[in-house]
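Content type mmCIF, C-alpha atoms and all ligand atoms, from the file my_file.cif:
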data_target
loop_
_atom_site.label_atom_id
_atom_site.label_comp_id
_atom_site.auth_asym_id
_atom_site.auth_seq_id
_atom_site.Cartn_x
_atom_site.Cartn_y
_atom_site.Cartn_z
CA MET A 10 110.44 79.01 84.63
CA PRO A 11 107.49 81.43 84.86
CA HIS A 12 108.07 84.35 87.21
CA VAL A 13 105.32 85.92 89.32
CA ILE A 14 106.13 89.31 90.80
CA VAL A 15 103.92 90.74 93.54
CA ILE A 16 104.25 94.48 94.27
CA GLY A 17 103.28 95.43 97.83
CA ALA A 18 104.39 93.27 100.77
CA GLY A 19 101.30 93.80 102.92
CA GLN A 20 98.29 91.70 103.81
CA ALA A 21 97.24 90.87 100.24
CA GLY A 22 100.77 90.48 98.86
CA SER A 23 101.81 88.09 101.60
CA SER A 24 98.59 86.06 101.19
CA CYS A 25 99.09 85.87 97.43
CA VAL A 26 102.63 84.48 97.53
CA ALA A 27 101.74 82.03 100.30
CA LYS A 28 98.79 80.75 98.27
CA LEU A 29 100.94 80.37 95.17
CA ARG A 30 103.39 78.13 97.03
CA ASN A 31 100.74 76.26 99.01
CA GLY A 32 98.91 75.68 95.74
CA GLY A 33 102.00 74.07 94.20
CA PHE A 34 103.26 76.88 91.96
CA VAL A 35 106.77 75.86 90.90
CA GLY A 36 107.98 78.98 89.07
CA ASP A 37 109.86 81.89 90.62
CA VAL A 38 108.04 84.12 93.08
CA THR A 39 109.20 87.60 94.10
CA LEU A 40 107.47 89.79 96.68
CA ILE A 41 108.57 93.44 96.64
CA GLY A 42 107.71 95.85 99.46
CA ALA A 43 108.55 99.50 100.06
CA GLU A 44 108.54 99.16 103.84
CA PRO A 45 111.66 97.89 105.63
CA VAL A 46 109.82 95.26 107.71
CA LEU A 47 108.35 91.81 107.09
CA PRO A 48 104.70 91.87 105.93
CA TYR A 49 102.54 92.65 108.96
CA GLN A 50 98.93 93.07 110.02
CA ARG A 51 97.75 96.67 110.28
CA PRO A 52 94.65 96.40 112.52
CA PRO A 53 96.69 96.29 115.79
CA LEU A 54 98.42 99.53 114.80
CA SER A 55 95.41 101.48 116.10
CA LYS A 56 94.62 98.94 118.83
CA GLY A 57 96.89 96.59 120.82
CA TYR A 58 100.21 97.68 119.31
CA LEU A 59 99.49 101.37 119.93
CA MET A 60 98.41 100.45 123.47
CA GLY A 61 101.85 98.89 123.93
CA GLU A 62 100.26 95.50 124.59
CA MET A 63 101.55 93.72 121.52
CA PRO A 64 105.19 93.18 120.61
CA LEU A 65 106.38 93.82 117.07
CA GLU A 66 106.94 90.11 116.31
CA ARG A 67 103.25 89.42 116.79
CA LEU A 68 102.40 91.87 114.03
CA PHE A 69 104.25 89.84 111.42
CA LEU A 70 101.96 87.76 109.25
CA ARG A 71 104.59 85.05 108.74
CA PRO A 72 108.09 84.56 110.11
CA GLU A 73 111.03 85.37 107.87
CA ALA A 74 111.80 81.65 107.58
CA PHE A 75 108.48 81.09 105.82
CA TYR A 76 109.65 83.06 102.81
CA THR A 77 113.02 81.33 102.64
CA GLU A 78 111.57 77.86 103.14
CA HIS A 79 109.02 78.47 100.37
CA ASP A 80 111.58 79.91 97.99
CA ILE A 81 109.93 83.32 97.89
CA ALA A 82 112.36 86.12 97.06
CA LEU A 83 111.40 88.85 99.52
CA ARG A 84 112.73 92.28 98.61
CA LEU A 85 111.93 94.72 101.38
CA ASN A 86 112.78 98.40 101.51
CA THR A 87 112.39 98.38 97.74
CA ARG A 88 109.95 100.53 95.79
CA VAL A 89 108.81 99.66 92.29
CA THR A 90 108.97 102.85 90.26
CA ALA A 91 107.43 101.75 86.96
CA ILE A 92 105.74 98.90 85.14
CA ASN A 93 106.04 98.19 81.44
CA PRO A 94 103.06 95.98 80.54
CA THR A 95 104.25 95.37 76.97
CA ALA A 96 107.81 94.38 77.82
CA LYS A 97 106.48 92.70 81.01
CA THR A 98 109.01 94.36 83.25
CA VAL A 99 109.07 96.29 86.48
CA SER A 100 111.68 98.91 87.40
CA LEU A 101 113.22 99.17 90.83
CA GLY A 102 115.23 102.32 90.38
CA ASP A 103 118.33 101.07 88.58
CA GLN A 104 117.23 97.45 88.17
CA THR A 105 114.67 95.86 85.84
CA LEU A 106 112.93 92.54 86.49
CA HIS A 107 110.96 90.49 83.99
CA PHE A 108 107.62 88.92 84.94
CA ASP A 109 105.20 86.49 83.39
CA ASP A 110 102.41 87.48 85.76
CA LEU A 111 102.36 90.60 87.92
CA VAL A 112 100.13 91.23 90.95
CA LEU A 113 99.52 94.72 92.32
CA THR A 114 98.77 94.69 96.04
CA THR A 115 99.83 98.25 96.70
CA GLY A 116 97.19 99.00 99.34
CA SER A 117 96.20 102.57 100.01
CA VAL A 118 97.57 105.95 100.91
CA PRO A 119 96.23 107.95 103.86
CA ARG A 120 94.77 111.36 103.11
CA ARG A 121 96.74 114.14 104.80
CA LEU A 122 95.86 117.66 105.79
CA PRO A 123 97.09 120.28 103.33
CA ALA A 124 100.30 122.09 104.30
CA HIS A 125 98.61 125.51 104.15
CA ILE A 126 96.49 124.61 107.18
CA GLY A 127 99.44 123.16 109.07
CA GLY A 128 99.34 119.57 107.80
CA ALA A 129 103.13 119.44 107.36
CA LEU A 130 104.00 120.56 110.92
CA ASP A 131 105.96 118.20 113.16
CA GLY A 132 103.69 116.32 115.50
CA VAL A 133 100.97 115.71 112.90
CA PHE A 134 100.57 111.99 112.26
CA VAL A 135 98.57 109.60 110.11
CA VAL A 136 97.93 105.97 111.09
CA ARG A 137 98.81 103.74 108.17
CA ASP A 138 102.26 102.19 108.51
CA LEU A 139 104.19 100.78 111.41
CA ALA A 140 106.58 103.73 111.06
CA ASP A 141 103.67 106.16 111.58
CA VAL A 142 102.71 104.50 114.83
CA ASP A 143 106.28 104.14 116.07
CA ALA A 144 106.71 107.87 115.46
CA MET A 145 103.62 108.89 117.45
CA ALA A 146 103.84 106.31 120.27
CA PRO A 147 106.27 108.30 122.47
CA GLY A 148 103.64 111.06 122.66
CA PHE A 149 101.16 108.72 124.34
CA VAL A 150 101.90 109.79 127.89
CA PRO A 151 99.28 110.59 130.54
CA GLY A 152 98.15 114.18 130.42
CA ALA A 153 99.34 114.83 126.85
CA ARG A 154 96.83 116.77 124.73
CA VAL A 155 95.91 115.20 121.42
CA LEU A 156 93.51 116.29 118.70
CA ILE A 157 92.10 113.57 116.52
CA VAL A 158 90.76 114.79 113.20
CA GLY A 159 88.11 112.45 111.79
CA GLY A 160 85.52 110.26 113.47
CA GLY A 161 85.84 107.11 111.37
CA TYR A 162 87.03 103.78 112.74
CA ILE A 163 90.73 104.67 112.74
CA GLY A 164 90.19 107.99 114.54
CA LEU A 165 87.86 106.41 117.08
CA GLU A 166 90.23 103.53 117.79
CA ALA A 167 93.12 105.96 118.29
CA ALA A 168 90.88 108.04 120.59
CA ALA A 169 90.08 104.93 122.65
CA VAL A 170 93.75 104.04 123.09
CA ALA A 171 94.71 107.62 123.94
CA SER A 172 91.91 107.98 126.44
CA LYS A 173 92.74 104.62 128.08
CA LEU A 174 96.35 105.75 128.45
CA GLY A 175 95.27 108.94 130.21
CA LEU A 176 95.69 111.50 127.44
CA LYS A 177 93.37 114.48 127.10
CA VAL A 178 91.56 113.68 123.86
CA THR A 179 89.57 115.98 121.61
CA LEU A 180 88.05 114.46 118.48
CA VAL A 181 86.51 116.59 115.76
CA GLU A 182 84.26 115.28 113.02
CA GLN A 183 83.24 117.68 110.31
CA ALA A 184 80.10 115.72 109.36
CA ASP A 185 76.99 115.84 111.54
CA ARG A 186 77.94 112.62 113.28
CA ILE A 187 80.84 110.21 113.71
CA LEU A 188 80.83 107.15 111.41
CA GLN A 189 78.39 108.94 109.11
CA ARG A 190 79.91 107.47 105.94
CA VAL A 191 79.79 103.86 107.14
CA ALA A 192 77.06 103.37 109.73
CA ALA A 193 73.51 104.22 110.79
CA PRO A 194 72.77 106.93 113.38
CA GLU A 195 72.13 104.15 115.94
CA THR A 196 75.74 102.96 115.67
CA SER A 197 77.03 106.54 115.78
CA ASP A 198 74.97 107.17 118.93
CA TYR A 199 76.37 104.03 120.54
CA PHE A 200 80.00 104.98 119.93
CA ARG A 201 79.45 108.65 120.79
CA ALA A 202 78.15 107.63 124.21
CA LEU A 203 81.00 105.17 124.66
CA HIS A 204 83.65 107.80 123.98
CA THR A 205 82.08 110.61 125.96
CA ASP A 206 81.67 108.20 128.92
CA HIS A 207 85.43 107.71 128.71
CA GLY A 208 86.08 111.43 128.82
CA VAL A 209 86.73 112.12 125.14
CA ASP A 210 85.73 115.64 124.12
CA LEU A 211 83.89 114.63 120.97
CA ARG A 212 82.70 117.42 118.71
CA GLU A 213 80.53 116.63 115.69
CA GLY A 214 79.70 119.09 112.95
CA VAL A 215 83.00 120.81 113.80
CA GLY A 216 85.88 121.00 111.37
CA LEU A 217 89.47 122.03 111.68
CA ASP A 218 90.21 125.56 110.44
CA ARG A 219 93.95 125.25 110.85
CA LEU A 220 96.72 123.87 113.00
CA LEU A 221 98.92 126.35 114.84
CA GLY A 222 102.68 126.31 115.44
CA ASP A 223 105.95 127.30 113.75
CA HIS A 224 107.76 124.00 113.19
CA ALA A 225 105.81 121.72 115.49
CA VAL A 226 102.09 121.81 116.13
CA THR A 227 101.13 123.61 119.34
CA GLY A 228 97.44 124.15 118.85
CA ALA A 229 94.43 124.21 116.57
CA ARG A 230 91.67 126.58 115.59
CA LEU A 231 88.33 124.85 115.02
CA SER A 232 85.42 125.87 112.83
CA ASP A 233 83.31 126.63 115.92
CA GLY A 234 85.77 129.43 116.71
CA SER A 235 87.44 127.66 119.62
CA GLU A 236 91.20 127.19 120.02
CA LEU A 237 92.97 124.24 121.59
CA ASP A 238 96.48 123.89 123.02
CA LEU A 239 97.96 120.64 121.76
CA ASP A 240 100.94 118.34 122.00
CA PHE A 241 100.18 116.37 118.85
CA VAL A 242 97.54 115.60 116.22
CA ILE A 243 96.33 112.39 114.61
CA VAL A 244 94.67 112.65 111.22
CA GLY A 245 92.16 109.93 110.34
CA VAL A 246 90.33 111.34 107.35
CA GLY A 247 90.30 108.31 105.09
CA ILE A 248 92.48 106.74 102.46
CA GLU A 249 92.88 106.68 98.70
CA PRO A 250 93.71 103.50 96.78
CA ALA A 251 97.41 103.39 95.83
CA VAL A 252 97.06 103.58 92.06
CA ALA A 253 100.05 105.70 91.05
CA LEU A 254 101.99 102.82 89.45
CA ALA A 255 98.92 101.44 87.71
CA GLU A 256 97.99 104.86 86.40
CA LYS A 257 101.48 105.42 85.01
CA ALA A 258 101.26 102.03 83.28
CA GLU A 259 97.89 103.09 81.81
CA LEU A 260 95.89 100.32 83.46
CA ALA A 261 92.15 101.01 83.65
CA LEU A 262 91.13 102.72 86.89
CA ASP A 263 87.70 103.04 88.48
CA ASN A 264 87.84 104.07 92.14
CA GLY A 265 90.99 101.95 92.37
CA ILE A 266 92.60 99.56 89.91
CA ARG A 267 89.77 98.09 87.89
CA VAL A 268 89.75 94.29 87.90
CA ASP A 269 87.32 91.68 86.61
CA ALA A 270 85.78 88.96 88.75
CA HIS A 271 89.00 86.94 88.41
CA GLY A 272 91.12 89.82 89.71
CA ARG A 273 92.60 90.61 86.30
CA THR A 274 93.29 94.24 85.34
CA SER A 275 92.87 95.67 81.85
CA GLU A 276 96.23 93.99 81.01
CA PRO A 277 95.88 90.20 80.75
CA HIS A 278 99.02 89.35 82.76
CA ILE A 279 98.55 91.96 85.44
CA TRP A 280 96.31 91.35 88.43
CA ALA A 281 95.35 93.37 91.50
CA ALA A 282 93.89 92.64 94.94
CA GLY A 283 93.22 94.22 98.31
CA ASP A 284 92.63 97.87 99.16
CA CYS A 285 93.86 99.08 95.75
CA ALA A 286 91.44 97.03 93.60
CA SER A 287 87.84 97.72 92.62
CA PHE A 288 85.90 94.65 91.53
CA PRO A 289 82.43 93.64 90.31
CA TYR A 290 79.91 93.13 93.11
CA ARG A 291 76.19 92.46 92.82
CA GLY A 292 75.77 94.23 89.51
CA GLY A 293 77.95 97.18 90.54
CA ARG A 294 81.55 97.68 91.52
CA ILE A 295 83.14 98.17 94.93
CA ARG A 296 86.47 98.49 96.64
CA LEU A 297 86.81 97.17 100.16
CA GLU A 298 89.31 98.30 102.78
CA SER A 299 89.52 95.27 105.04
CA VAL A 300 91.73 92.37 105.99
CA PRO A 301 89.29 89.61 104.99
CA ASN A 302 88.93 91.13 101.53
CA ALA A 303 92.71 91.50 101.11
CA ILE A 304 93.28 87.84 101.98
CA ASP A 305 90.40 86.28 100.06
CA GLN A 306 90.87 88.32 96.90
CA ALA A 307 94.64 87.80 96.83
CA GLU A 308 94.18 84.06 97.24
CA ILE A 309 91.73 83.93 94.33
CA VAL A 310 94.23 85.83 92.18
CA ALA A 311 96.94 83.31 93.09
CA GLU A 312 94.62 80.44 92.17
CA ASN A 313 93.70 82.09 88.88
CA ILE A 314 97.36 82.60 87.99
CA MET A 315 97.63 78.82 88.44
CA GLY A 316 94.66 78.36 86.07
CA ALA A 317 91.73 77.92 88.47
CA ASP A 318 89.33 80.18 86.52
CA LYS A 319 87.51 81.24 89.71
CA ASP A 320 85.38 84.31 90.40
CA TYR A 321 85.95 86.26 93.58
CA VAL A 322 82.71 86.38 95.55
CA ALA A 323 83.22 88.87 98.37
CA LYS A 324 81.67 88.12 101.76
CA PRO A 325 82.24 91.47 103.45
CA TRP A 326 82.94 91.56 107.17
CA PHE A 327 84.92 93.87 109.40
CA TRP A 328 85.67 94.54 113.04
CA SER A 329 86.78 97.35 115.34
CA ASP A 330 87.92 97.33 118.98
CA GLN A 331 87.29 100.36 121.19
CA TYR A 332 87.68 100.17 124.99
CA ASP A 333 85.95 96.94 126.05
CA VAL A 334 83.69 96.88 123.01
CA LYS A 335 84.20 94.60 120.06
CA LEU A 336 82.25 95.73 117.02
CA GLN A 337 81.72 93.10 114.34
CA ILE A 338 80.09 94.01 111.04
CA ALA A 339 78.63 91.51 108.58
CA GLY A 340 77.57 92.53 105.08
CA LEU A 341 77.43 95.98 103.49
CA ASN A 342 74.71 98.43 104.45
CA THR A 343 74.76 100.47 101.21
CA GLY A 344 71.23 101.43 100.20
CA TYR A 345 69.53 100.54 103.50
CA THR A 346 66.05 101.89 104.15
CA ASP A 347 65.60 100.97 107.81
CA VAL A 348 67.42 99.71 110.85
CA VAL A 349 66.13 97.35 113.53
CA ALA A 350 67.75 97.58 116.95
CA ARG A 351 68.27 94.62 119.27
CA ARG A 352 69.49 95.77 122.66
CA GLY A 353 70.73 93.45 125.36
CA ASP A 354 72.30 94.02 128.75
CA GLY A 355 74.96 96.61 129.33
CA GLN A 356 76.94 97.29 126.19
CA THR A 357 75.44 94.44 124.16
CA ALA A 358 73.53 95.65 121.11
CA SER A 359 73.12 94.98 117.44
CA PHE A 360 71.70 97.04 114.59
CA TRP A 361 70.25 95.22 111.59
CA TYR A 362 70.14 97.03 108.24
CA TYR A 363 67.37 96.27 105.73
CA ARG A 364 66.40 97.41 102.27
CA GLY A 365 62.65 96.80 102.50
CA ASP A 366 62.54 93.27 103.86
CA THR A 367 65.98 92.27 102.62
CA LEU A 368 68.65 91.97 105.28
CA LEU A 369 71.82 93.77 104.16
CA ALA A 370 74.15 94.06 107.14
CA VAL A 371 74.50 93.80 110.90
CA ASP A 372 76.58 95.93 113.28
CA ALA A 373 77.05 93.86 116.45
CA MET A 374 78.59 95.33 119.60
CA ASN A 375 79.74 92.76 122.15
CA ASP A 376 77.17 90.52 120.52
CA PRO A 377 78.97 87.74 118.63
CA ARG A 378 75.77 85.72 118.32
CA SER A 379 73.95 88.43 116.35
CA TYR A 380 77.04 88.85 114.20
CA MET A 381 77.40 85.15 113.48
CA ILE A 382 73.73 84.57 112.70
CA GLY A 383 73.44 87.77 110.67
CA LYS A 384 76.50 86.82 108.65
CA ARG A 385 75.19 83.37 107.90
CA LEU A 386 71.83 84.73 106.78
CA ILE A 387 73.35 87.44 104.59
CA GLU A 388 75.77 85.04 102.93
CA ALA A 389 72.95 82.58 102.27
CA GLY A 390 70.84 85.38 100.72
CA GLN A 391 68.22 84.98 103.47
CA THR A 392 66.56 87.66 105.55
CA ALA A 393 65.66 87.92 109.25
CA ASP A 394 62.19 88.54 110.55
CA LYS A 395 62.23 92.06 112.03
CA ILE A 396 59.97 91.26 114.97
CA THR A 397 62.22 88.39 116.06
CA VAL A 398 65.32 90.54 115.65
CA ALA A 399 63.89 93.37 117.76
CA ASP A 400 62.87 91.01 120.58
CA VAL A 401 65.97 90.44 122.66
CA ASN A 402 64.32 87.44 124.33
CA ALA A 403 63.60 85.70 121.01
CA ASP A 404 66.06 82.99 120.01
CA LEU A 405 67.89 84.23 116.93
CA LYS A 406 68.95 80.72 116.00
CA ALA A 407 65.38 79.98 114.97
CA LEU A 408 65.95 82.40 112.08
CA LEU A 409 68.47 80.03 110.54
CA ASN A 410 66.03 77.18 110.08
CA ARG A 411 63.41 78.95 108.01
C1 LIG B 1 95.44 101.43 111.62
C2 LIG B 1 94.60 100.48 110.79
C3 LIG B 1 93.64 99.69 111.41
C4 LIG B 1 92.88 98.81 110.64
N1 LIG B 1 91.95 98.03 111.28
C5 LIG B 1 91.27 97.12 110.57
C6 LIG B 1 90.36 96.22 111.20
O1 LIG B 1 90.14 96.30 112.40
N2 LIG B 1 89.74 95.28 110.43
C7 LIG B 1 89.97 95.17 109.09
O2 LIG B 1 89.40 94.28 108.44
N3 LIG B 1 90.81 96.02 108.45
C8 LIG B 1 91.46 96.98 109.16
N4 LIG B 1 92.33 97.83 108.52
C9 LIG B 1 92.44 97.77 107.06
C10 LIG B 1 93.38 96.67 106.61
O3 LIG B 1 94.57 96.70 107.37
C11 LIG B 1 93.68 96.85 105.13
O4 LIG B 1 92.46 96.74 104.44
C12 LIG B 1 94.66 95.81 104.62
O5 LIG B 1 95.92 95.97 105.23
C13 LIG B 1 94.78 95.90 103.12
O6 LIG B 1 95.79 95.05 102.67
P1 LIG B 1 96.60 95.37 101.34
O7 LIG B 1 97.58 94.27 101.17
O8 LIG B 1 95.66 95.69 100.26
O9 LIG B 1 97.39 96.71 101.66
P2 LIG B 1 98.56 96.96 102.73
O10 LIG B 1 98.47 95.98 103.86
O11 LIG B 1 98.49 98.40 103.04
O12 LIG B 1 99.88 96.66 101.91
C14 LIG B 1 100.29 97.42 100.81
C15 LIG B 1 101.79 97.48 100.79
O13 LIG B 1 102.22 97.85 99.49
C16 LIG B 1 103.39 98.65 99.62
N5 LIG B 1 103.59 99.39 98.37
C17 LIG B 1 102.79 100.32 97.81
N6 LIG B 1 103.33 100.78 96.65
C18 LIG B 1 104.50 100.12 96.47
C19 LIG B 1 105.51 100.17 95.47
N7 LIG B 1 105.44 100.97 94.41
N8 LIG B 1 106.60 99.35 95.60
C20 LIG B 1 106.69 98.51 96.67
N9 LIG B 1 105.75 98.44 97.65
C21 LIG B 1 104.67 99.23 97.55
C22 LIG B 1 103.04 99.53 100.81
O14 LIG B 1 104.22 100.10 101.35
C23 LIG B 1 102.38 98.51 101.75
O15 LIG B 1 103.33 97.92 102.59
C24 LIG B 1 93.09 98.72 109.26
C25 LIG B 1 94.06 99.53 108.64
C26 LIG B 1 94.81 100.41 109.39
C27 LIG B 1 95.85 101.28 108.74
#
Could you render the structure as structure tokens?
Amino acid sequence: MPHVIVIGAGQAGSSCVAKLRNGGFVGDVTLIGAEPVLPYQRPPLSKGYLMGEMPLERLFLRPEAFYTEHDIALRLNTRVTAINPTAKTVSLGDQTLHFDDLVLTTGSVPRRLPAHIGGALDGVFVVRDLADVDAMAPGFVPGARVLIVGGGYIGLEAAAVASKLGLKVTLVEQADRILQRVAAPETSDYFRALHTDHGVDLREGVGLDRLLGDHAVTGARLSDGSELDLDFVIVGVGIEPAVALAEKAELALDNGIRVDAHGRTSEPHIWAAGDCASFPYRGGRIRLESVPNAIDQAEIVAENIMGADKDYVAKPWFWSDQYDVKLQIAGLNTGYTDVVARRGDGQTASFWYYRGDTLLAVDAMNDPRSYMIGKRLIEAGQTADKITVADVNADLKALLNR
């Protein structure tokens, strides 16, 4: 019987084993995960779960019975320590398992603040795993003072939850503006206004000099010379692909584990998918950090293990929830030259990214129609007339029929 081992029981790992069984794979399937809980969805960790509005069970991607019923050996609380590509084995401390095909869905590792500026003090949290959020949640009490370091989506979502729960929130972003790495100034402006309207003390172009405190954090000194008294700190300064195992096994790396269009690494029987994998995309190579990518890529890998010979064609999309605003993003804005704004009533707005006349991406805030139409156009390789886009009274649907 062939044996497929999947390392990393997260979004991609769970999708991969489910697809193997749903696709009729009859060999052995083992899913190994370092965390002690069933595979779960991470997006609510900085949204509904942190708000206390979502019970743990609703985080789980599939009930425990799913794995038993589909004859998937689920080994939780178990870390793979080494891979031997030649012998086709993985080591779990004192045990060795043989595989015929191996899939790496190891996700990513949050960047932390260095210890010499106080990053190792108690009360300094990252937002990656359930355990991180369970550890910080008791601090979310009205009046508590929190510093959020980093104005990306994770930091902003945590700021929204904290502010809604009545905490005193300061957010610092070292770059000139929040979301600088991922969005146009228009989107940054929109979310800056949203957060300041909700009372967040948002400081851009301001870094953290150091955290203060002996064992636990009690304050911070910022690059603008100011000092804050604090109860806790949330660090949202990005992630790195989890490549340690792959690196040790001498798999090719390239901003993540390098895979071909099929999801295969530099070793023919080893595959990778999700946050940890970089793959060919439109003549270049990218790595995406999103749920849709984790699912779709992992499913293609499962199909290819079963002999499908399919390329993964990414259709990037993403979302973020902050206060009463749902942001939906279609496409990738890399290389944009201009942005067209479409502003509706209240908080409804969308920003359309172009390279010349080519539509690349859409950021839609409380505007599902712009998102849906933009996504369809981008995926079909079509563009959107800028004058129609800018005119909020023009029917966007007409763009689809050109
Ligand atoms: C707080 C938060 C909010 C997010 N919000 C959104 C959102 O709104 N929309 C969106 O699209 N995406 C969002 N994301 C991103 C999304 O959750 C990730 O892109 C997705 O989880 C990636 O799936 P993955 O399977 O590649 O990695 P993960 O889901 O991280 O799973 C990887 C697993 O591998 C395990 N592992 C690693 N090494 C080993 C080892 N050696 N042995 C055993 N196990 C190992 C890890 O413990 C982990 O459980 C969010 C992420 C976070 C953290």
> In Å to one decimal, how far is atom CA of Arg120 of chain A from atom CA of Arg219 of chain A?
Replying inline: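 Interatomic distance here is 15.9 Å.
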Surroundings of ligand LIG 1 (chain B) up to 6 Å, based on only C-alpha atoms and all ligand atoms, as a PyMOL selection string: chain A and resi 16-22+41-44+51-52+54-55+87-90+114-117+136-137+163+283-285+298-301+303+327-329
Exercise for the section: For each of A:Tyr199, A:Tyr345, A:Tyr321, A:Phe241, take the minimum atom-to-atom distance to Asp305 of chain A, counting all atoms listed in the file, then give the residue where this is smallest. Expected result: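 The closest residue to Asp305 of chain A is A:Tyr321.
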(Q) Report as a count of residues only all protein, DNA and RNA residues lying within 7 Å of segment 264-269 of chain A, evaluated on only C-alpha atoms, omitting residues in the same chain fewer than 6 positions from it. (A) 10
Just to confirm, what's the straight-line distance from atom CA of Ala202 of chain A to atom CA of Gly214 of chain A in Å (one decimal)?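 For atom CA of Ala202 of chain A relative to atom CA of Gly214 of chain A, the distance reads 16.1 Å.
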Given only C-alpha atoms as the basis, pick out the residue of A:Ala399, A:Ile243, A:Leu156, A:Ala282 nearest to Phe134 of chain A.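 Nearest to Phe134 of chain A: A:Ile243.
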Next on the checklist: Show me the residues around (110.4, 91.1, 106.2) - criterion: an atom at most 12 Å away, all atoms listed in the file counted - as a VMD selection string.
Outcome noted: chain A and resid 17 to 19 23 40 to 49 65 to 66 68 to 77 81 to 87
Using only C-alpha atoms, the shortest atom-to-atom distance to Asp185 of chain A among A:Ala171, A:Val401, A:Leu29, A:Leu211 belongs to A:Leu211
Between atom CA of Glu249 of chain A and atom CA of Asn93 of chain A, what is the distance in Å, rounded to a tenth?
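Those two atoms sit 23.3 Å apart.
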Contacts of Val13 of chain A within 10 Å, only C-alpha atoms, excl. fewer than 3 positions in-chain, as an mmCIF file with C-alpha atoms, in the coordinates of the input:
data_model
loop_
_atom_site.group_PDB
_atom_site.id
_atom_site.type_symbol
_atom_site.label_atom_id
_atom_site.label_comp_id
_atom_site.auth_asym_id
_atom_site.auth_seq_id
_atom_site.Cartn_x
_atom_site.Cartn_y
_atom_site.Cartn_z
ATOM 1 C CA MET A 10 110.440 79.010 84.630
ATOM 2 C CA ILE A 16 104.250 94.480 94.270
ATOM 3 C CA VAL A 26 102.630 84.480 97.530
ATOM 4 C CA LEU A 29 100.940 80.370 95.170
ATOM 5 C CA PHE A 34 103.260 76.880 91.960
ATOM 6 C CA GLY A 36 107.980 78.980 89.070
ATOM 7 C CA ASP A 37 109.860 81.890 90.620
ATOM 8 C CA VAL A 38 108.040 84.120 93.080
ATOM 9 C CA THR A 39 109.200 87.600 94.100
ATOM 10 C CA LEU A 40 107.470 89.790 96.680
ATOM 11 C CA HIS A 107 110.960 90.490 83.990
ATOM 12 C CA PHE A 108 107.620 88.920 84.940
ATOM 13 C CA ASP A 109 105.200 86.490 83.390
ATOM 14 C CA ASP A 110 102.410 87.480 85.760
ATOM 15 C CA LEU A 111 102.360 90.600 87.920
ATOM 16 C CA VAL A 112 100.130 91.230 90.950
ATOM 17 C CA HIS A 278 99.020 89.350 82.760
ATOM 18 C CA ILE A 279 98.550 91.960 85.440
ATOM 19 C CA ALA A 311 96.940 83.310 93.090
ATOM 20 C CA ILE A 314 97.360 82.600 87.990
#
Nearest candidate to Pro325 of chain A (options A:Lys177, A:Arg296, A:Arg378, A:Arg121; using only C-alpha atoms):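 Closest candidate: A:Arg296.
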Distance criterion (all atoms listed in the file): nearest to Gln356 of chain A out of A:Leu262, A:Leu408, A:Leu203, A:Ala129
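Looking only at the distances to Gln356 of chain A, the closest residue turns out to be A:Leu203.
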If you count only C-alpha atoms, the residue of A:Gly355, A:Pro64, A:Gly161, A:Pro277 closest to Asp143 of chain A turns out to be A:Pro64
Please provide the set of residues having any atom within 6 Å of segment 167-170 of chain A, restricted to all atoms listed in the file, with same-chain residues fewer than 5 positions apart removed, written as a PDB file with C-alpha atoms, keeping the file's coordinate frame.
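New file out.pdb:
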ATOM      1  CA  SER A  55      95.410 101.480 116.100  1.00  0.00           C
ATOM      2  CA  MET A  60      98.410 100.450 123.470  1.00  0.00           C
ATOM      3  CA  GLN A 331      87.290 100.360 121.190  1.00  0.00           C
ATOM      4  CA  TYR A 332      87.680 100.170 124.990  1.00  0.00           C
TER       5      TYR A 332
END
- Item | Distance query segment 370-376 of chain A at most 9 Å, all atoms listed in the file, self and fewer than 6 positions along chain excluded, as a list in words |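 The residues that qualify are Ala192, Thr196, Asp333, Val334, Lys335, Leu336, Gln337, Ile338, Ala339, Gly340, Leu341, Asn342, Thr343, Tyr345, Gly353, Gln356, Thr357, Ala358, Ser359, Phe360, Trp361, Tyr362, Tyr363, Gly383, Lys384 and Ile387 of chain A.
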Just to be explicit: take each residue in the selection above, keep C-alpha atoms, and write the result as a short mmCIF file (atom, residue, chain, number, x, y, z; two decimals), in the frame of the given file.
data_model
loop_
_atom_site.label_atom_id
_atom_site.label_comp_id
_atom_site.auth_asym_id
_atom_site.auth_seq_id
_atom_site.Cartn_x
_atom_site.Cartn_y
_atom_site.Cartn_z
CA ALA A 192 77.06 103.37 109.73
CA THR A 196 75.74 102.96 115.67
CA ASP A 333 85.95 96.94 126.05
CA VAL A 334 83.69 96.88 123.01
CA LYS A 335 84.20 94.60 120.06
CA LEU A 336 82.25 95.73 117.02
CA GLN A 337 81.72 93.10 114.34
CA ILE A 338 80.09 94.01 111.04
CA ALA A 339 78.63 91.51 108.58
CA GLY A 340 77.57 92.53 105.08
CA LEU A 341 77.43 95.98 103.49
CA ASN A 342 74.71 98.43 104.45
CA THR A 343 74.76 100.47 101.21
CA TYR A 345 69.53 100.54 103.50
CA GLY A 353 70.73 93.45 125.36
CA GLN A 356 76.94 97.29 126.19
CA THR A 357 75.44 94.44 124.16
CA ALA A 358 73.53 95.65 121.11
CA SER A 359 73.12 94.98 117.44
CA PHE A 360 71.70 97.04 114.59
CA TRP A 361 70.25 95.22 111.59
CA TYR A 362 70.14 97.03 108.24
CA TYR A 363 67.37 96.27 105.73
CA GLY A 383 73.44 87.77 110.67
CA LYS A 384 76.50 86.82 108.65
CA ILE A 387 73.35 87.44 104.59
#
